[in-house]
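These notes concern the structure reproduced below.
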2 protein chains.
Amino acid sequence: MNITSKQIAELCGVTRGTVDRALNNRPGIHPETREKIMRVAEELGYRPHFLAQSLVKGHTKTLGIVLFDIHNQIFSQLFHAFEAEARKRGYIVYLVLSNRDKELELEYINNLLDRRVDGIALLPANDNKKFESFLLRSRTPIVTFGNRLSGPFPYIWINDKQAICDSVAFLASQGYRRIIYLSPPLMRKGKENIYVPEQRYQGFVSACADIPDMRFDVIAQKQYLTELESLLDHNDSKCAILCSSDVYALEVLKWLKARKIRVPEQVGLMGFDNIDFLTYINPALTTVDYNVNEIGTKLADLLIRRIHNDEVPAETLIDHHVVQGESVMLHCD
Amino acid sequence: MNITSKQIAELCGVTRGTVDRALNNRPGIHPETREKIMRVAEELGYRPHFLAQSLVKGHTKTLGIVLFDIHNQIFSQLFHAFEAEARKRGYIVYLVLSNRDKELELEYINNLLDRRVDGIALLPANDNKKFESFLLRSRTPIVTFGNRLSGPFPYIWINDKQAICDSVAFLASQGYRRIIYLSPPLMRKGKENIYVPEQRYQGFVSACADIPDMRFDVIAQKQYLTELESLLDHNDSKCAILCSSDVYALEVLKWLKARKIRVPEQVGLMGFDNIDFLTYINPALTTVDYNVNEIGTKLADLLIRRIHNDEVPAETLIDHHVVQGESVMLHCD
DNA sequence: CTGTTAGCGCCTTCAG
DNA sequence: CTGAAGGCGCTAACAG
């Protein structure tokens with residue numbers, strides 16, 4: 001059904017070797033034969049069989065990217081940038097969603113490996129040694145992001161610890177003296193890879209400890225709103241809720257609104273990620289911004305450079321900064 | 001570097017044919033030899049070479065999906081469902097983003113075809129005959145969604161025309177007597193495939209025409225807020241802005257808020273799609289809901305069935321209904 | 001400058 | 001029950 005180089009060879013009265021020389025314009029072929037072959041190939045709409053090519057060349061010009069899901073907009077933004085960069089460099093990408101399922105993640109990575117992807121961009125849910133040595137044994141270039149492994153896998157993200165420290169410092173500078181840190185992913189401690197949540201948590205605790213009269217709590221469970229209810233003092237305007245990502249902050253904001261608790265008058269609120277959708281939210285959420293497009297682009301770049309056996313830094317950290325919205329206020333006293 | 005069936009054959013002192021019989025448990029092999037081969041394969045962590053397999057079997061267990069982009073949440077939701085269903089059925093998917101660029105779309109489809117994907121789920125930006133015959137000639141199963149082609153390509157989406165009719169009817173039932181329909185994609189008429197925007201537009205015009213004293217306008221340009229500014233009468237509470245998708249409605253809402261024009265007191269507002277994020281928006285947007293997860297799942301199902309040469313309906317339309325939020329109000333007079 | 005040969009890794013028919 | 005041989009479509013090294 002599909003035209004092959006063999007057929008072109010027959011039509012041109014030459015052999016496949018010659019056809020190959022013409023098609024991949026390699027030296028050692030008479031200009032005229034080349035012309036003829038090219039013309040015939042063109043007319044017949046010849047397209048090389050990618051799989052056959054890959055089989056012999058040993059590469060597929062394919063990247064795999066493993067994400068938890070794509071509901072959190074930060075990841076769809078990241079993917080968009082990743083995909084665009086990959087395309088510019090001649091790669092097409094498999095997007096697989098692990099749904100934070102460790103088994104599924106493993107299954108998917110195996111599948112990608114079977115398909116001989118040239119490299120994998122991985123947001124890991126697994127974290128044990130067995131997993132890491134499995135990845136290493138695959139001898140396939142891997143770059144991680146958004147969660148770290150302990151082994152020698154390049155990593156790109158932001159300095160999460162510092163970012164939360166900055167957030168706490170910012171809240172303190174506005175006069176807040178109590179912070180409730182809300183990070184449900186922490187509940188998965190010991191079960192899944194929660195490197196980034198842990199980093200943020202550590203940043204939070206250490207930053208708070210450095211501020212003399214700062215009181216703080218941590219919510220790390222699925223029923224976070226229930227716990228928030230019991231923790232929140234409606235009459236302490238110097239209390240702020242700091243969320244480990246915008247999606248939680250949005251849930252909290254919705255919950256607060258339903259309870260007619262005013263932000264920032266009665267309680268301060270901060271998110272993390274500065275996803276595009278925040279632009280439609282009132283009051284404007286104070287959050288931590290970083291250039292996720294840059295992460296996506298560099299992620300692809302790092303991976304492709306690793307594929308080409310270029311040296312890449314073990315760690316690439318993108319800048320971040322607190323963007324002030326209307327969900328926190330300055331306390332003058 | 002990677003263990004092959006040939007090596008297993010040598011180690012077991014048999015030939016590749018026999019190894020194949022064991023591995024793909026086919027008949028005609030002595031139980032003991034099978035046992036042995038399986039054990040060795042297991043120990044060596046043998047994994048068949050997917051490309052080689054595909055090359056000879058003629059299928060890749062791979063699907064391609066072409067989207068404009070993934071910023072509109074409706075498409076990330078759709079992808080999630082599509083990916084999940086594909087995985088359950090043993091397929092992995094290439095996600096490519098055309099950015100509504102017709103050239104790029106073509107390039108991508110060619111690329112997917114070169115890679116011998118078993119089928120393509122397509123949200124087409126192109127629409128001319130040449131494009132369609134190109135797709136047909138590829139002899140690759142294709143299912144379209146979110147925009148239609150004229151040829152015999154199965155299509156799944158909703159009844160857009162009816163959905164907008166329902167929206168207009170709903171607004172009319174609430175007492176609105178002027179509707180500004182905002183659909184920037186219409187400006188691409190004649191340049192790109194705008195089947196769905198066109199359907200909605202037609203639904204809008206015909207529905208309005210059926211209501212005696214209804215006045216209506218249409219905004220179909222990039223600078224839609226500028227035009228809205230000139231069209232909007234701040235003192236006509238019976239005027240509603242009907243947007244062709246939630247993302248525009250959100251932009252409009254933001255713009256109205258900045259101008260201190262109250263919704264729904266001074267103007268009504270409706271969106272379309274009911275993306276998940278709306279849950280965080282105030283006032284709650286009135287919009288058209290449909291089960292996009294179902295579309296994603298069925299899209300994969302249809303495509304896979306077409307791949308298996310099963311008959312599939314030329315058109316699959318998912319239910320929709322208007323969900324009332326707080327962005328429109330009832331006019332009693 | 002061109003043809004021949006071998007091979008990528010797997011599957012499948014045909015003998016034995 | 002097993003081996004031998006040919007082929008999927010393309011590349012590459014070696015002769016001529």
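Convention: chains lettered A, B, ... in structure tokens order; per-chain residue numbering from 1; ligands numbered from 1 as shown.
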Would you mind listing, for every residue of chain D within 7 Å of chain B, the two atoms forming the shortest contact and the distance between them in Å to one decimal, using only C-alpha atoms (C1' of nucleotides), sorted by chain and ascending residue number, as a tab-separated table?
```
residue	atom	partner	partner_atom	distance
D:DC1	C1'	B:Ile29	CA	5.4
D:DT2	C1'	B:Thr18	CA	6.8
D:DG3	C1'	B:Thr15	CA	6.8
D:DC8	C1'	B:Val56	CA	4.6
```
message: If we count only C-alpha atoms (C1' of nucleotides) and set the cut-off at 12 Å, which residues sit around Ser206 (chain A), ignoring sequence neighbours fewer than 2 positions away in its own chain? Please answer as number ranges by chain.
response: A: 161-162, 164-166, 168-169, 199-204, 208-212, 214, 216
message: Need the shell around DG16 (chain D): protein/DNA/RNA residues with any atom at most 10 Å away, counting only C-alpha atoms (C1' of nucleotides). Skip same-chain ones fewer than 4 positions apart. Format as a ChimeraX atom specification?
response: /C:2-4
Could you write those residues out with C-alpha atoms (C1' of nucleotides), as a CSV table (one decimal), in the first residue's frame?
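Printed below is again02.csv as written:
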```
chain,number,residue,atom,x,y,z
C,2,DT,C1',26.9,1.5,-8.8
C,3,DG,C1',25.8,-3.3,-7.3
C,4,DT,C1',26.2,-6.8,-3.7
```
- prompt: Thr279 (chain A): which residues within 10 Å, counting only C-alpha atoms (C1' of nucleotides), same-chain residues fewer than 6 positions away excluded, as a PyMOL selection string?
  reply: (chain A and resi 285) or (chain B and resi 250-251+254)
How about saving the chosen residues, all heavy atoms kept, as a PDB file, in the first residue's frame?
```
ATOM      1  N   LEU A 285      -4.908  36.708  43.868  1.00  0.00           N
ATOM      2  CA  LEU A 285      -4.163  35.905  44.818  1.00  0.00           C
ATOM      3  C   LEU A 285      -2.683  36.293  44.862  1.00  0.00           C
ATOM      4  O   LEU A 285      -2.043  36.460  43.833  1.00  0.00           O
ATOM      5  CB  LEU A 285      -4.280  34.438  44.383  1.00  0.00           C
ATOM      6  CG  LEU A 285      -4.273  33.346  45.431  1.00  0.00           C
ATOM      7  CD1 LEU A 285      -5.361  33.595  46.466  1.00  0.00           C
ATOM      8  CD2 LEU A 285      -4.490  32.004  44.757  1.00  0.00           C
TER       9      LEU A 285
ATOM     10  N   LEU B 250     -14.617  34.606  30.576  1.00  0.00           N
ATOM     11  CA  LEU B 250     -13.777  34.994  31.704  1.00  0.00           C
ATOM     12  C   LEU B 250     -13.048  36.300  31.416  1.00  0.00           C
ATOM     13  O   LEU B 250     -12.918  37.158  32.290  1.00  0.00           O
ATOM     14  CB  LEU B 250     -12.771  33.885  32.020  1.00  0.00           C
ATOM     15  CG  LEU B 250     -13.386  32.621  32.621  1.00  0.00           C
ATOM     16  CD1 LEU B 250     -12.343  31.519  32.760  1.00  0.00           C
ATOM     17  CD2 LEU B 250     -14.011  32.928  33.975  1.00  0.00           C
ATOM     18  N   GLU B 251     -12.601  36.445  30.198  1.00  0.00           N
ATOM     19  CA  GLU B 251     -11.953  37.700  29.818  1.00  0.00           C
ATOM     20  C   GLU B 251     -12.933  38.859  29.920  1.00  0.00           C
ATOM     21  O   GLU B 251     -12.607  39.938  30.411  1.00  0.00           O
ATOM     22  CB  GLU B 251     -11.414  37.616  28.379  1.00  0.00           C
ATOM     23  CG  GLU B 251     -10.124  36.857  28.225  1.00  0.00           C
ATOM     24  CD  GLU B 251      -8.941  37.550  28.912  1.00  0.00           C
ATOM     25  OE1 GLU B 251      -8.980  38.782  29.099  1.00  0.00           O
ATOM     26  OE2 GLU B 251      -7.987  36.838  29.283  1.00  0.00           O
ATOM     27  N   LYS B 254     -13.686  39.746  33.533  1.00  0.00           N
ATOM     28  CA  LYS B 254     -12.565  40.502  34.103  1.00  0.00           C
ATOM     29  C   LYS B 254     -12.624  41.958  33.652  1.00  0.00           C
ATOM     30  O   LYS B 254     -12.442  42.889  34.442  1.00  0.00           O
ATOM     31  CB  LYS B 254     -11.258  39.856  33.620  1.00  0.00           C
ATOM     32  CG  LYS B 254      -9.999  40.485  34.144  1.00  0.00           C
ATOM     33  CD  LYS B 254      -8.814  39.727  33.575  1.00  0.00           C
ATOM     34  CE  LYS B 254      -7.507  40.452  33.858  1.00  0.00           C
ATOM     35  NZ  LYS B 254      -6.394  39.792  33.160  1.00  0.00           N
TER      36      LYS B 254
END
```
task: Can you pull out every residue within 6 Å of region 226-243 of chain B, counting only C-alpha atoms (C1' of nucleotides), but drop anything in the same chain fewer than 4 positions away, and send it as a list in words?
output: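 Answer for this query is Tyr176, Arg177, Arg178, Ile179, Ile180, Tyr181, Leu182, Ala249, Gln266, Val267, Gly268, Leu269, Met270 and Gly271 of chain B.
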query: What gap, in Å, lies between CA of Lys129 (chain A) and CA of Arg148 (chain A)?
result: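 One can read the CA of Lys129 (chain A) to CA of Arg148 (chain A) distance as 12.5 Å.
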- request: Fewer than 3 positions away in the same chain doesn't count, so skip those; otherwise give me all residues within 9 Å of Ile158 (chain A), counting only C-alpha atoms (C1' of nucleotides), as a list in words.
  value: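 The neighbour list is Gly146, Lys161, Gln162, Ala163, Tyr290, Ile295, Thr316, Leu317, Ile318, Asp319 and His320 of chain A.
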message: Please extract the residues of region 35-276 of chain B with a backbone DSSP assignment of helix (DSSP H, G or I) and present them as a count of residues only.
response: 112
field: Residue list for chain C near chain B as a ChimeraX atom specification, 8 Å, only C-alpha atoms (C1' of nucleotides)
entry: /C:9-11
Cut-off 6 Å: closest chain A/chain B atom pairs per residue, using only C-alpha atoms, as a tab-separated table:
```
residue	atom	partner	partner_atom	distance
A:Phe50	CA	B:Arg115	CA	5.3
A:Val93	CA	B:Tyr94	CA	5.6
A:Tyr94	CA	B:Tyr94	CA	4.4
A:Asp114	CA	B:Phe50	CA	5.5
A:Arg115	CA	B:Phe50	CA	5.3
```
query: Using only C-alpha atoms, which of the listed residues (A:Ser183, A:Gly190, A:Tyr155, A:Glu326) sits closest to Lys298 (chain A)?
result: A:Tyr155
task: Based on DSSP run over this structure's backbone, return all residues of region 17-97 of chain A in strand (DSSP E or B), as a ChimeraX atom specification.
output: /A:62-67,92-97
- request: Measure the distance from CA of Glu107 (chain B) to CA of Thr144 (chain B) in Å and round it to one decimal.
  value: 17.4 Å
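Using only C-alpha atoms (C1' of nucleotides), the residues found no farther than 12 Å from DT13 (chain C), other than those of its own chain fewer than 6 positions away, are Gly17 of chain B; DA4, DA5, DG6 and DG7 of chain D.
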Would you save the residues from that selection as a tab-separated table (two decimals), in the first residue's frame, using N, CA and C atoms (P, O5', C5', C4', C3', O3' and C1' of nucleotides)?
```
chain	number	residue	atom	x	y	z
B	17	GLY	N	13.36	-19.28	15.96
B	17	GLY	CA	11.97	-19.68	15.74
B	17	GLY	C	11.36	-20.31	16.98
D	4	DA	P	19.43	-25.17	11.56
D	4	DA	O5'	18.75	-24.77	10.17
D	4	DA	C5'	18.09	-25.77	9.40
D	4	DA	C4'	17.50	-25.13	8.14
D	4	DA	C3'	18.27	-23.89	7.66
D	4	DA	O3'	18.28	-23.91	6.24
D	4	DA	C1'	16.03	-23.30	8.14
D	5	DA	P	18.95	-22.73	5.42
D	5	DA	O5'	17.69	-21.84	5.04
D	5	DA	C5'	16.51	-22.48	4.53
D	5	DA	C4'	15.54	-21.41	4.03
D	5	DA	C3'	16.24	-20.17	3.47
D	5	DA	O3'	15.45	-19.65	2.43
D	5	DA	C1'	14.90	-19.53	5.27
D	6	DG	P	16.03	-18.49	1.49
D	6	DG	O5'	14.82	-17.47	1.44
D	6	DG	C5'	13.46	-17.94	1.51
D	6	DG	C4'	12.57	-16.82	2.01
D	6	DG	C3'	13.01	-15.44	1.51
D	6	DG	O3'	11.86	-14.77	1.02
D	6	DG	C1'	12.78	-15.41	3.85
D	7	DG	P	12.01	-13.41	0.20
D	7	DG	O5'	11.32	-12.38	1.19
D	7	DG	C5'	10.06	-12.72	1.79
D	7	DG	C4'	9.76	-11.75	2.90
D	7	DG	C3'	10.17	-10.31	2.57
D	7	DG	O3'	9.06	-9.46	2.81
D	7	DG	C1'	11.01	-10.95	4.69
```
